[in-house]
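Source file: input20.cif (mmCIF, C-alpha atoms and all ligand atoms)
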```cif
data_upload
loop_
_atom_site.label_atom_id
_atom_site.label_comp_id
_atom_site.auth_asym_id
_atom_site.auth_seq_id
_atom_site.Cartn_x
_atom_site.Cartn_y
_atom_site.Cartn_z
CA MET V 159 34.06 48.54 0.81
CA SER V 160 34.25 52.24 0.31
CA ARG V 161 31.15 54.27 0.90
CA ARG V 162 30.33 57.88 0.23
CA ILE V 163 30.80 60.10 3.22
CA PRO V 164 27.60 61.98 4.11
CA PRO V 165 27.96 65.77 4.60
CA ASP V 166 27.99 65.57 8.40
CA GLY V 167 30.64 62.88 8.04
CA GLU V 168 32.81 65.31 6.10
CA ALA V 169 32.55 67.73 9.00
CA VAL V 170 33.53 64.97 11.46
CA ALA V 171 36.47 64.00 9.26
CA GLY V 172 37.47 67.66 9.14
CA GLY V 173 37.84 67.62 12.91
CA ASP V 174 34.72 69.71 13.64
CA ARG V 175 34.08 69.00 17.33
CA ALA V 176 30.45 70.09 17.29
CA ALA V 177 29.83 67.79 14.32
CA LEU V 178 31.58 64.96 16.19
CA ALA V 179 29.39 65.51 19.26
CA ARG V 180 26.26 65.53 17.07
CA ALA V 181 27.40 62.39 15.25
CA ILE V 182 27.88 60.56 18.54
CA THR V 183 24.44 61.69 19.70
CA LEU V 184 23.03 60.26 16.46
CA VAL V 185 24.67 56.83 16.91
CA GLU V 186 23.50 56.81 20.52
CA SER V 187 19.91 57.54 19.52
CA LYS V 188 17.47 54.76 20.17
CA ARG V 189 14.97 56.04 17.66
CA PRO V 190 14.67 53.53 14.81
CA GLU V 191 14.33 56.38 12.30
CA ASP V 192 17.83 57.60 13.27
CA ARG V 193 19.41 54.25 12.52
CA PRO V 194 19.92 54.55 8.73
CA GLY V 195 21.59 57.96 9.13
CA ALA V 196 23.82 56.65 11.91
CA ARG V 197 24.76 53.61 9.83
CA ALA V 198 25.56 55.74 6.77
CA LEU V 199 27.72 58.02 8.89
CA VAL V 200 29.75 55.25 10.52
CA ASP V 201 30.04 53.21 7.31
CA GLY V 202 31.05 56.26 5.32
CA LEU V 203 33.84 57.06 7.77
CA MET V 204 34.99 53.47 8.30
CA SER V 205 38.05 53.79 6.05
CA ARG V 206 39.31 56.63 8.27
CA THR V 207 39.11 54.58 11.46
CA GLY V 208 41.29 52.02 13.15
CA ARG V 209 44.49 53.98 13.42
CA ALA V 210 44.22 55.08 17.04
CA ILE V 211 45.82 53.44 20.01
CA ARG V 212 42.85 52.16 22.01
CA VAL V 213 43.37 51.77 25.73
CA GLY V 214 40.76 50.41 28.16
CA ILE V 215 41.08 51.61 31.74
CA THR V 216 39.35 50.09 34.75
CA GLY V 217 39.52 50.38 38.51
CA VAL V 218 37.17 50.70 41.44
CA PRO V 219 35.59 54.09 42.17
CA GLY V 220 38.09 56.22 44.05
CA VAL V 221 41.17 54.48 42.67
CA GLY V 222 41.99 57.69 40.82
CA LYS V 223 40.96 56.93 37.24
CA SER V 224 39.79 60.42 36.36
CA THR V 225 42.86 62.04 37.91
CA LEU V 226 45.13 59.59 36.07
CA ILE V 227 43.30 59.99 32.76
CA ASP V 228 43.49 63.77 33.08
CA ALA V 229 47.23 63.52 33.77
CA LEU V 230 47.97 60.90 31.11
CA GLY V 231 45.81 62.65 28.53
CA SER V 232 47.54 65.97 29.19
CA TYR V 233 50.94 64.25 29.00
CA LEU V 234 50.00 62.82 25.60
CA ILE V 235 48.64 66.12 24.29
CA ASP V 236 51.92 67.78 25.26
CA ARG V 237 53.58 65.22 23.00
CA GLY V 238 51.40 66.03 20.03
CA HIS V 239 48.64 63.44 20.40
CA ARG V 240 44.92 64.08 20.18
CA VAL V 241 43.10 62.24 22.93
CA ALA V 242 39.48 61.10 23.14
CA VAL V 243 38.09 59.85 26.45
CA LEU V 244 34.97 57.67 26.40
CA ALA V 245 33.26 55.64 29.10
CA VAL V 246 31.29 52.43 29.39
CA ASP V 247 29.00 52.60 32.39
CA PRO V 248 25.93 50.42 31.98
CA SER V 249 24.57 51.70 35.30
CA SER V 250 24.45 55.27 34.07
CA SER V 251 20.79 55.23 33.01
CA ARG V 252 19.50 53.79 36.26
CA THR V 253 21.57 55.17 39.07
CA GLY V 254 23.12 58.27 37.65
CA GLY V 255 26.19 56.16 37.04
CA ALA V 256 29.29 55.03 38.78
CA ILE V 257 31.30 57.10 36.33
CA LEU V 258 30.19 60.66 36.66
CA GLY V 259 29.50 62.41 33.42
CA ASP V 260 30.67 65.63 34.98
CA LYS V 261 33.48 67.03 32.92
CA THR V 262 35.08 68.73 35.89
CA ARG V 263 36.44 65.30 36.79
CA MET V 264 38.98 65.84 34.04
CA ALA V 265 39.41 69.56 34.30
CA ARG V 266 42.38 69.95 31.98
CA LEU V 267 41.17 67.60 29.26
CA ALA V 268 37.69 69.11 29.36
CA THR V 269 39.07 72.41 28.11
CA ALA V 270 41.95 71.18 25.93
CA PRO V 271 41.33 71.68 22.20
CA ALA V 272 43.23 68.45 21.49
CA ALA V 273 41.00 66.39 23.78
CA PHE V 274 37.43 65.21 23.52
CA VAL V 275 35.67 63.89 26.65
CA ARG V 276 32.34 62.13 26.33
CA PRO V 277 30.36 60.43 29.11
CA SER V 278 28.94 56.92 28.78
CA PRO V 279 25.86 56.46 26.63
CA SER V 280 22.97 55.81 28.97
CA SER V 281 21.46 52.77 27.40
CA GLY V 282 19.97 49.66 28.94
CA THR V 283 22.13 46.67 28.24
CA LEU V 284 25.88 46.40 28.50
CA GLY V 285 26.01 45.08 24.94
CA GLY V 286 24.11 48.14 23.75
CA VAL V 287 26.31 50.57 25.68
CA ALA V 288 29.46 48.87 24.40
CA ALA V 289 28.21 48.89 20.79
CA ARG V 290 27.42 52.64 21.02
CA THR V 291 30.81 53.31 22.58
CA ARG V 292 32.53 51.40 19.78
CA GLU V 293 30.77 53.59 17.24
CA ALA V 294 31.67 56.73 19.20
CA MET V 295 35.29 55.52 19.24
CA LEU V 296 35.28 55.05 15.46
CA LEU V 297 33.85 58.54 14.99
CA CYS V 298 36.57 59.99 17.24
CA GLU V 299 39.21 58.18 15.20
CA ALA V 300 37.72 59.52 11.99
CA ALA V 301 37.89 63.01 13.54
CA GLY V 302 41.63 62.58 13.98
CA PHE V 303 41.96 61.48 17.60
CA ASP V 304 44.90 59.10 17.63
CA VAL V 305 44.55 57.93 21.23
CA VAL V 306 41.23 56.70 22.61
CA LEU V 307 40.96 56.02 26.33
CA VAL V 308 37.85 54.04 27.32
CA GLU V 309 37.10 54.12 31.02
CA THR V 310 34.94 51.73 32.99
CA VAL V 311 34.18 50.72 36.56
CA GLY V 312 33.67 47.06 37.20
CA VAL V 313 29.90 46.96 36.94
CA GLY V 314 28.71 43.55 35.77
CA GLN V 315 30.86 42.42 32.89
CA SER V 316 31.83 45.91 31.83
CA GLU V 317 35.57 45.24 32.06
CA THR V 318 35.26 42.39 29.61
CA ALA V 319 33.23 44.59 27.28
CA VAL V 320 35.87 47.33 27.39
CA ALA V 321 38.73 44.86 26.97
CA ASP V 322 36.84 43.78 23.87
CA LEU V 323 36.70 47.33 22.52
CA THR V 324 40.34 48.17 23.03
CA ASP V 325 43.87 46.98 22.22
CA THR V 326 45.48 47.34 25.62
CA PHE V 327 43.70 46.92 28.93
CA LEU V 328 45.00 48.88 31.90
CA VAL V 329 43.94 47.94 35.40
CA VAL V 330 44.41 50.72 37.94
CA ALA V 331 44.91 49.34 41.43
CA LEU V 332 45.06 50.83 44.89
CA PRO V 333 48.10 50.57 47.08
CA GLY V 334 47.13 48.10 49.78
CA ALA V 335 48.92 46.75 52.76
CA GLY V 336 49.56 43.07 53.25
CA ASP V 337 49.19 40.28 50.78
CA GLU V 338 45.57 40.80 49.95
CA LEU V 339 44.84 41.89 46.39
CA GLN V 340 42.12 44.14 47.57
CA GLY V 341 39.80 46.05 45.35
CA ILE V 342 40.32 43.84 42.34
CA LYS V 343 37.67 41.43 41.22
CA LYS V 344 38.67 37.91 40.44
CA GLY V 345 39.34 37.51 36.76
CA ILE V 346 40.34 41.13 36.20
CA ILE V 347 44.01 40.37 36.52
CA GLU V 348 43.54 37.86 33.73
CA LEU V 349 42.20 40.63 31.50
CA ALA V 350 45.00 43.05 32.37
CA ASP V 351 47.75 43.90 29.89
CA ILE V 352 49.22 46.44 32.30
CA ILE V 353 48.63 46.93 36.02
CA ALA V 354 49.28 50.40 37.42
CA VAL V 355 49.31 50.75 41.17
CA ASN V 356 48.14 54.33 41.62
CA LYS V 357 48.67 56.85 44.42
CA ALA V 358 52.31 55.86 44.68
CA ASP V 359 53.12 59.20 46.22
CA GLY V 360 53.87 60.65 49.64
CA SER V 361 53.01 58.24 52.42
CA GLY V 362 51.41 55.87 49.87
CA GLY V 363 54.75 55.07 48.25
CA GLU V 364 55.69 52.09 50.40
CA ARG V 365 52.25 50.55 50.38
CA ALA V 366 52.13 50.93 46.62
CA ALA V 367 55.45 49.11 46.27
CA ALA V 368 54.16 46.31 48.49
CA ALA V 369 50.97 46.03 46.43
CA ALA V 370 53.01 45.93 43.22
CA ALA V 371 55.04 43.04 44.59
CA ASP V 372 51.80 41.19 45.36
CA TYR V 373 50.49 41.71 41.85
CA ARG V 374 53.77 40.54 40.35
CA ALA V 375 53.58 37.39 42.44
CA ALA V 376 49.98 36.80 41.34
CA LEU V 377 50.90 37.31 37.68
CA HIS V 378 53.79 34.91 38.06
CA ILE V 379 51.26 32.22 38.86
CA LEU V 380 48.64 33.29 36.32
CA VAL V 381 50.73 33.98 33.22
CA PRO V 382 51.81 30.80 31.45
CA PRO V 383 55.55 30.40 30.89
CA GLY V 384 56.55 31.48 27.38
CA ALA V 385 53.56 33.83 27.00
CA ALA V 386 54.11 36.56 24.40
CA TRP V 387 53.37 39.23 27.00
CA THR V 388 53.68 39.35 30.76
CA PRO V 389 51.73 42.30 32.15
CA PRO V 390 54.10 44.79 33.76
CA VAL V 391 53.17 46.17 37.18
CA LEU V 392 53.94 49.87 37.41
CA LEU V 393 53.85 52.48 40.13
CA VAL V 394 52.11 55.66 39.12
CA SER V 395 50.60 58.77 40.63
CA GLY V 396 47.96 60.65 38.71
CA LEU V 397 48.10 63.40 41.29
CA ALA V 398 51.89 63.85 41.29
CA GLU V 399 51.99 62.92 37.60
CA THR V 400 54.74 60.37 38.05
CA GLY V 401 55.21 57.11 36.18
CA LEU V 402 53.40 58.41 33.08
CA ASP V 403 56.45 57.95 30.83
CA ALA V 404 56.82 54.32 31.85
CA LEU V 405 53.07 53.76 31.55
CA TRP V 406 52.86 55.08 28.01
CA ASP V 407 56.03 53.26 27.08
CA GLN V 408 54.42 49.98 28.16
CA VAL V 409 51.27 50.74 26.15
CA ARG V 410 53.48 51.20 23.08
CA GLN V 411 55.49 48.10 23.84
CA HIS V 412 52.36 46.03 24.26
CA ARG V 413 51.10 47.24 20.91
CA ASP V 414 54.44 46.52 19.21
CA ARG V 415 54.64 43.06 20.73
CA MET V 416 51.11 42.22 19.63
CA GLU V 417 51.76 43.46 16.13
CA ALA V 418 54.97 41.47 15.87
CA ALA V 419 53.17 38.33 16.97
CA GLY V 420 50.31 38.89 14.49
CA ALA V 421 47.99 39.09 17.47
CA PHE V 422 46.98 42.71 16.92
CA ALA V 423 45.16 42.24 13.60
CA ALA V 424 43.65 38.99 14.85
CA LYS V 425 42.31 40.70 17.97
CA ARG V 426 40.68 43.51 16.03
CA LYS V 427 39.07 41.03 13.62
CA ARG V 428 37.73 39.02 16.53
CA GLN V 429 36.38 42.22 18.07
CA ASP V 430 34.60 43.10 14.82
CA GLY V 431 32.91 39.70 14.83
CA ARG V 432 31.73 40.19 18.40
CA TRP V 433 30.58 43.72 17.60
CA MET V 434 28.37 42.38 14.82
CA TRP V 435 26.82 39.83 17.15
CA ALA V 436 26.29 42.43 19.87
CA LEU V 437 24.34 44.48 17.33
CA VAL V 438 22.29 41.46 16.29
CA GLU V 439 21.46 40.65 19.89
CA GLU V 440 20.50 44.24 20.50
CA ARG V 441 18.15 44.20 17.53
CA ILE V 442 16.47 41.07 18.86
CA ARG V 443 16.05 42.66 22.27
CA GLU V 444 14.71 45.82 20.65
CA ARG V 445 12.24 43.73 18.67
CA LEU V 446 11.16 41.98 21.89
CA ARG V 447 10.60 45.33 23.51
CA THR V 448 8.71 46.96 20.68
CA ASP V 449 6.91 44.26 18.65
CA PRO V 450 3.17 44.95 19.15
CA THR V 451 2.16 41.27 19.13
CA ILE V 452 4.79 40.42 21.72
CA ARG V 453 3.85 43.36 23.89
CA GLU V 454 0.26 42.23 23.76
CA LYS V 455 0.88 38.57 24.50
CA LEU V 456 3.86 38.77 26.83
CA PRO V 457 1.98 39.54 30.08
CA ALA V 458 -0.20 36.44 29.63
CA ILE V 459 2.78 34.23 28.79
CA GLU V 460 4.77 35.57 31.74
CA ALA V 461 1.83 35.07 34.09
CA ALA V 462 1.31 31.52 32.85
CA VAL V 463 4.97 30.69 33.49
CA ALA V 464 4.89 32.37 36.91
CA GLU V 465 1.84 30.31 37.87
CA ALA V 466 3.36 27.12 36.43
CA ARG V 467 0.55 26.72 33.93
CA LEU V 468 3.18 26.87 31.22
CA SER V 469 6.74 25.58 31.40
CA PRO V 470 9.51 28.16 30.84
CA ALA V 471 10.59 26.26 27.73
CA ALA V 472 7.04 26.30 26.32
CA GLY V 473 6.81 30.02 27.10
CA ALA V 474 10.07 30.63 25.23
CA ASP V 475 8.68 28.62 22.30
CA GLU V 476 5.61 30.86 22.16
CA ILE V 477 7.71 34.03 22.16
CA ALA V 478 10.11 32.61 19.57
CA ALA V 479 7.15 31.64 17.37
CA ILE V 480 5.93 35.25 17.38
CA LEU V 481 9.44 36.37 16.39
CA GLY V 482 9.45 33.74 13.66
CA ILE V 483 12.56 32.00 14.99
P1 LIG V 501 37.96 57.66 40.25
O1 LIG V 501 36.69 57.48 41.00
O2 LIG V 501 38.66 56.35 40.03
O3 LIG V 501 37.80 58.43 38.99
O4 LIG V 501 38.96 58.50 41.21
P2 LIG V 501 39.32 60.05 41.26
O5 LIG V 501 40.29 60.39 40.19
O6 LIG V 501 38.06 60.84 41.30
O7 LIG V 501 40.10 60.14 42.63
C1 LIG V 501 39.51 59.76 43.86
C2 LIG V 501 40.24 60.43 45.03
O8 LIG V 501 41.59 60.00 45.07
C3 LIG V 501 40.28 61.94 44.91
O9 LIG V 501 40.13 62.48 46.18
C4 LIG V 501 41.66 62.23 44.37
O10 LIG V 501 42.16 63.48 44.75
C5 LIG V 501 42.48 61.09 44.99
N1 LIG V 501 43.58 60.72 44.09
C6 LIG V 501 43.49 60.48 42.76
N2 LIG V 501 44.69 60.18 42.25
C7 LIG V 501 45.57 60.22 43.28
C8 LIG V 501 46.98 60.00 43.39
O11 LIG V 501 47.69 59.69 42.43
N3 LIG V 501 47.53 60.12 44.64
C9 LIG V 501 46.79 60.45 45.73
N4 LIG V 501 47.42 60.54 46.89
N5 LIG V 501 45.46 60.67 45.66
C10 LIG V 501 44.85 60.57 44.46
#
```
Produce structure tokens that represent the structure in this file.
Amino acid sequence: MSRRIPPDGEAVAGGDRAALARAITLVESKRPEDRPGARALVDGLMSRTGRAIRVGITGVPGVGKSTLIDALGSYLIDRGHRVAVLAVDPSSSRTGGAILGDKTRMARLATAPAAFVRPSPSSGTLGGVAARTREAMLLCEAAGFDVVLVETVGVGQSETAVADLTDTFLVVALPGAGDELQGIKKGIIELADIIAVNKADGSGGERAAAAAADYRAALHILVPPGAAWTPPVLLVSGLAETGLDALWDQVRQHRDRMEAAGAFAAKRKRQDGRWMWALVEERIRERLRTDPTIREKLPAIEAAVAEARLSPAAGADEIAAILGI
């Protein structure tokens, strides 16, 4: 399907950063009247998207994500790439966010002409934030950014959402002593395509090596024999800027391996399917929030359920009937 590119889309495709920033603001807008314009923009640019290397990056606050992204992004720019950095932080609207929007976190990238740093959209649901971030990612790709780094902290299911947006999922871990895989939520290792133990510098070097051995042992148990890809465990330092070569090399290798196995195209198709459903679910939620009849009747239905005058199932039936489903 090829669509006409609207005029602001031409500016985005021409690499106009201000136009890109405005376009992302438009797709992030919650105003229903902005939706057709946002749709036309994304649809019109769709044929120019999909060519970037998309990397999801997670790790607990303080693990050194921003320092590492600043270092890795600068490393990539030095090698001719154009790097966009986005974030998925569903807590950003309520708490000010676990990922700070402050651009000084990535001082070098914030001022590099070949980089584009954008904080998380502050929207309510994770699905909504992820859908907006996907659109922002597509716009960045259309604007010529060939590497997109999507950062998240493990709030709720945000890692899963980011793994679903990207091709390669990088888990940044802290060097820890002993055999405890501290700081990593259960299930995250299963999402990881690459584990980077950060702060492997100075006095942290030995502890980082010990942590890496623990992760390798854990992966040995978790990864089925004969799997197409066993996540490598790397030692890096965002601060000392070491291990970046090996890290990027593994991102490329992961991509090559997935492509060779036919898994790359399949993954992106699967992600498109989930994206569509995330948008559908968001519309339904939006309708629930804004439909005048629902807004009028909801307090009574909720009260009736709370007071056990109405069963939860019967309450759901009443709401569904108003929605016509
Ligand atoms: P984020 O919350 O994951 O984004 O972490 P930051 O990048 O803000 O880093 C948190 C703290 O760890 C800061 O004080 C950094 O200076 C420090 N830090 C980050 N990367 C490294 C590293 O590679 N080595 C060491 N020793 N400290 C680091």
Which residues are near ligand LIG 501 (chain V) in this structure, taking near to mean any atom at most 10 Å from a ligand atom and counting only C-alpha atoms and all ligand atoms? Format them as an mmCIF file with C-alpha atoms, in the frame of the given file.
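Below is the file result-v1.cif, written as the result:
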```
data_model
loop_
_atom_site.group_PDB
_atom_site.id
_atom_site.type_symbol
_atom_site.label_atom_id
_atom_site.label_comp_id
_atom_site.auth_asym_id
_atom_site.auth_seq_id
_atom_site.Cartn_x
_atom_site.Cartn_y
_atom_site.Cartn_z
ATOM 1 C CA ILE V 215 41.080 51.610 31.740
ATOM 2 C CA THR V 216 39.350 50.090 34.750
ATOM 3 C CA GLY V 217 39.520 50.380 38.510
ATOM 4 C CA VAL V 218 37.170 50.700 41.440
ATOM 5 C CA PRO V 219 35.590 54.090 42.170
ATOM 6 C CA GLY V 220 38.090 56.220 44.050
ATOM 7 C CA VAL V 221 41.170 54.480 42.670
ATOM 8 C CA GLY V 222 41.990 57.690 40.820
ATOM 9 C CA LYS V 223 40.960 56.930 37.240
ATOM 10 C CA SER V 224 39.790 60.420 36.360
ATOM 11 C CA THR V 225 42.860 62.040 37.910
ATOM 12 C CA LEU V 226 45.130 59.590 36.070
ATOM 13 C CA ILE V 227 43.300 59.990 32.760
ATOM 14 C CA ASP V 228 43.490 63.770 33.080
ATOM 15 C CA ALA V 229 47.230 63.520 33.770
ATOM 16 C CA ALA V 256 29.290 55.030 38.780
ATOM 17 C CA ILE V 257 31.300 57.100 36.330
ATOM 18 C CA LEU V 258 30.190 60.660 36.660
ATOM 19 C CA ARG V 263 36.440 65.300 36.790
ATOM 20 C CA MET V 264 38.980 65.840 34.040
ATOM 21 C CA GLU V 309 37.100 54.120 31.020
ATOM 22 C CA THR V 310 34.940 51.730 32.990
ATOM 23 C CA VAL V 311 34.180 50.720 36.560
ATOM 24 C CA VAL V 330 44.410 50.720 37.940
ATOM 25 C CA ALA V 331 44.910 49.340 41.430
ATOM 26 C CA LEU V 332 45.060 50.830 44.890
ATOM 27 C CA PRO V 333 48.100 50.570 47.080
ATOM 28 C CA VAL V 355 49.310 50.750 41.170
ATOM 29 C CA ASN V 356 48.140 54.330 41.620
ATOM 30 C CA LYS V 357 48.670 56.850 44.420
ATOM 31 C CA ALA V 358 52.310 55.860 44.680
ATOM 32 C CA ASP V 359 53.120 59.200 46.220
ATOM 33 C CA GLY V 360 53.870 60.650 49.640
ATOM 34 C CA SER V 361 53.010 58.240 52.420
ATOM 35 C CA GLY V 362 51.410 55.870 49.870
ATOM 36 C CA GLY V 363 54.750 55.070 48.250
ATOM 37 C CA LEU V 393 53.850 52.480 40.130
ATOM 38 C CA VAL V 394 52.110 55.660 39.120
ATOM 39 C CA SER V 395 50.600 58.770 40.630
ATOM 40 C CA GLY V 396 47.960 60.650 38.710
ATOM 41 C CA LEU V 397 48.100 63.400 41.290
ATOM 42 C CA ALA V 398 51.890 63.850 41.290
ATOM 43 C CA GLU V 399 51.990 62.920 37.600
ATOM 44 C CA THR V 400 54.740 60.370 38.050
#
```
- atom CA of Ala210 of chain V sits from atom CA of Trp406 of chain V at a separation of 14.0 Å
- Best match for closeness to Arg365 of chain V among V:Ala273, V:Met434, V:Gly334, V:Leu468, counting all atoms listed in the file: V:Gly334
- Return the single residue from V:Leu392, V:Ala386, V:Leu328, V:Val200 that is closest to Met416 of chain V, with distances computed using all atoms listed in the file. V:Ala386
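One finds atom CA of Val329 of chain V at 23.7 Å from atom CA of Asp236 of chain V.
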- Restricting the calculation to all atoms listed in the file, which member of V:Leu456, V:Val313, V:Ala181, V:Leu377 is positioned closest to Val391 of chain V? V:Leu377
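With distances taken over all atoms listed in the file, V:Leu437 is the one residue among V:Leu405, V:Gly202, V:Leu437, V:Arg447 lying closest to Gly285 of chain V.
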- Item | Pairwise distance for atom CA of Gly286 of chain V and atom CA of Phe303 of chain V, rounded to one decimal in Å | 23.1 Å
- Item | Minimum-distance residue to Glu476 of chain V, chosen among V:Val463, V:Ile442, V:Ala242, V:Asp166 (using all atoms listed in the file) | V:Val463
Any idea what's packed within 10 Å of Arg197 of chain V, counting all atoms listed in the file, ignoring anything in its chain fewer than 6 positions away? Could you give it as a PDB file with C-alpha atoms, in the frame of the given file?
```pdb
ATOM      1  CA  LEU V 184      23.030  60.260  16.460  1.00  0.00           C
ATOM      2  CA  VAL V 185      24.670  56.830  16.910  1.00  0.00           C
ATOM      3  CA  LEU V 203      33.840  57.060   7.770  1.00  0.00           C
ATOM      4  CA  GLU V 293      30.770  53.590  17.240  1.00  0.00           C
TER       5      GLU V 293
END
```
- Message: If we count all atoms listed in the file and set the cut-off at 7 Å, which residues sit around Val170 of chain V, ignoring sequence neighbours fewer than 4 positions away in its own chain? Please answer as a ChimeraX atom specification.
- Response: /V:166,174,177-178,300-301
- List the residues sitting within 12 Å of (25.4, 59.3, 20.9) in the file's frame, using all atoms listed in the file, as a PyMOL selection string. chain V and resi 177-189+192-193+196+200+244-245+276-281+286-295+297-298
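Among the candidates V:Ala369, V:Leu296, V:Leu234, V:Ile346, the one nearest to Ala272 of chain V when counting all atoms listed in the file is V:Leu234.
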- All residues 12 Å or closer to Ala462 of chain V, all atoms listed in the file, same chain fewer than 6 positions away omitted, as a list in words: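 Those residues are Lys455, Leu456, Leu468, Ser469, Pro470, Ala471, Ala472, Gly473, Ala474 and Glu476 of chain V.
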Nearby residues (all atoms listed in the file) at most 10 Å from Ala270 of chain V, same-chain spacing under 4 positions excluded, as a PDB file with C-alpha atoms, in the coordinates of the input:
```pdb
ATOM      1  CA  GLY V 231      45.810  62.650  28.530  1.00  0.00           C
ATOM      2  CA  SER V 232      47.540  65.970  29.190  1.00  0.00           C
ATOM      3  CA  ILE V 235      48.640  66.120  24.290  1.00  0.00           C
ATOM      4  CA  ARG V 240      44.920  64.080  20.180  1.00  0.00           C
ATOM      5  CA  VAL V 241      43.100  62.240  22.930  1.00  0.00           C
ATOM      6  CA  ALA V 265      39.410  69.560  34.300  1.00  0.00           C
ATOM      7  CA  ARG V 266      42.380  69.950  31.980  1.00  0.00           C
ATOM      8  CA  PHE V 274      37.430  65.210  23.520  1.00  0.00           C
ATOM      9  CA  VAL V 275      35.670  63.890  26.650  1.00  0.00           C
TER      10      VAL V 275
END
```
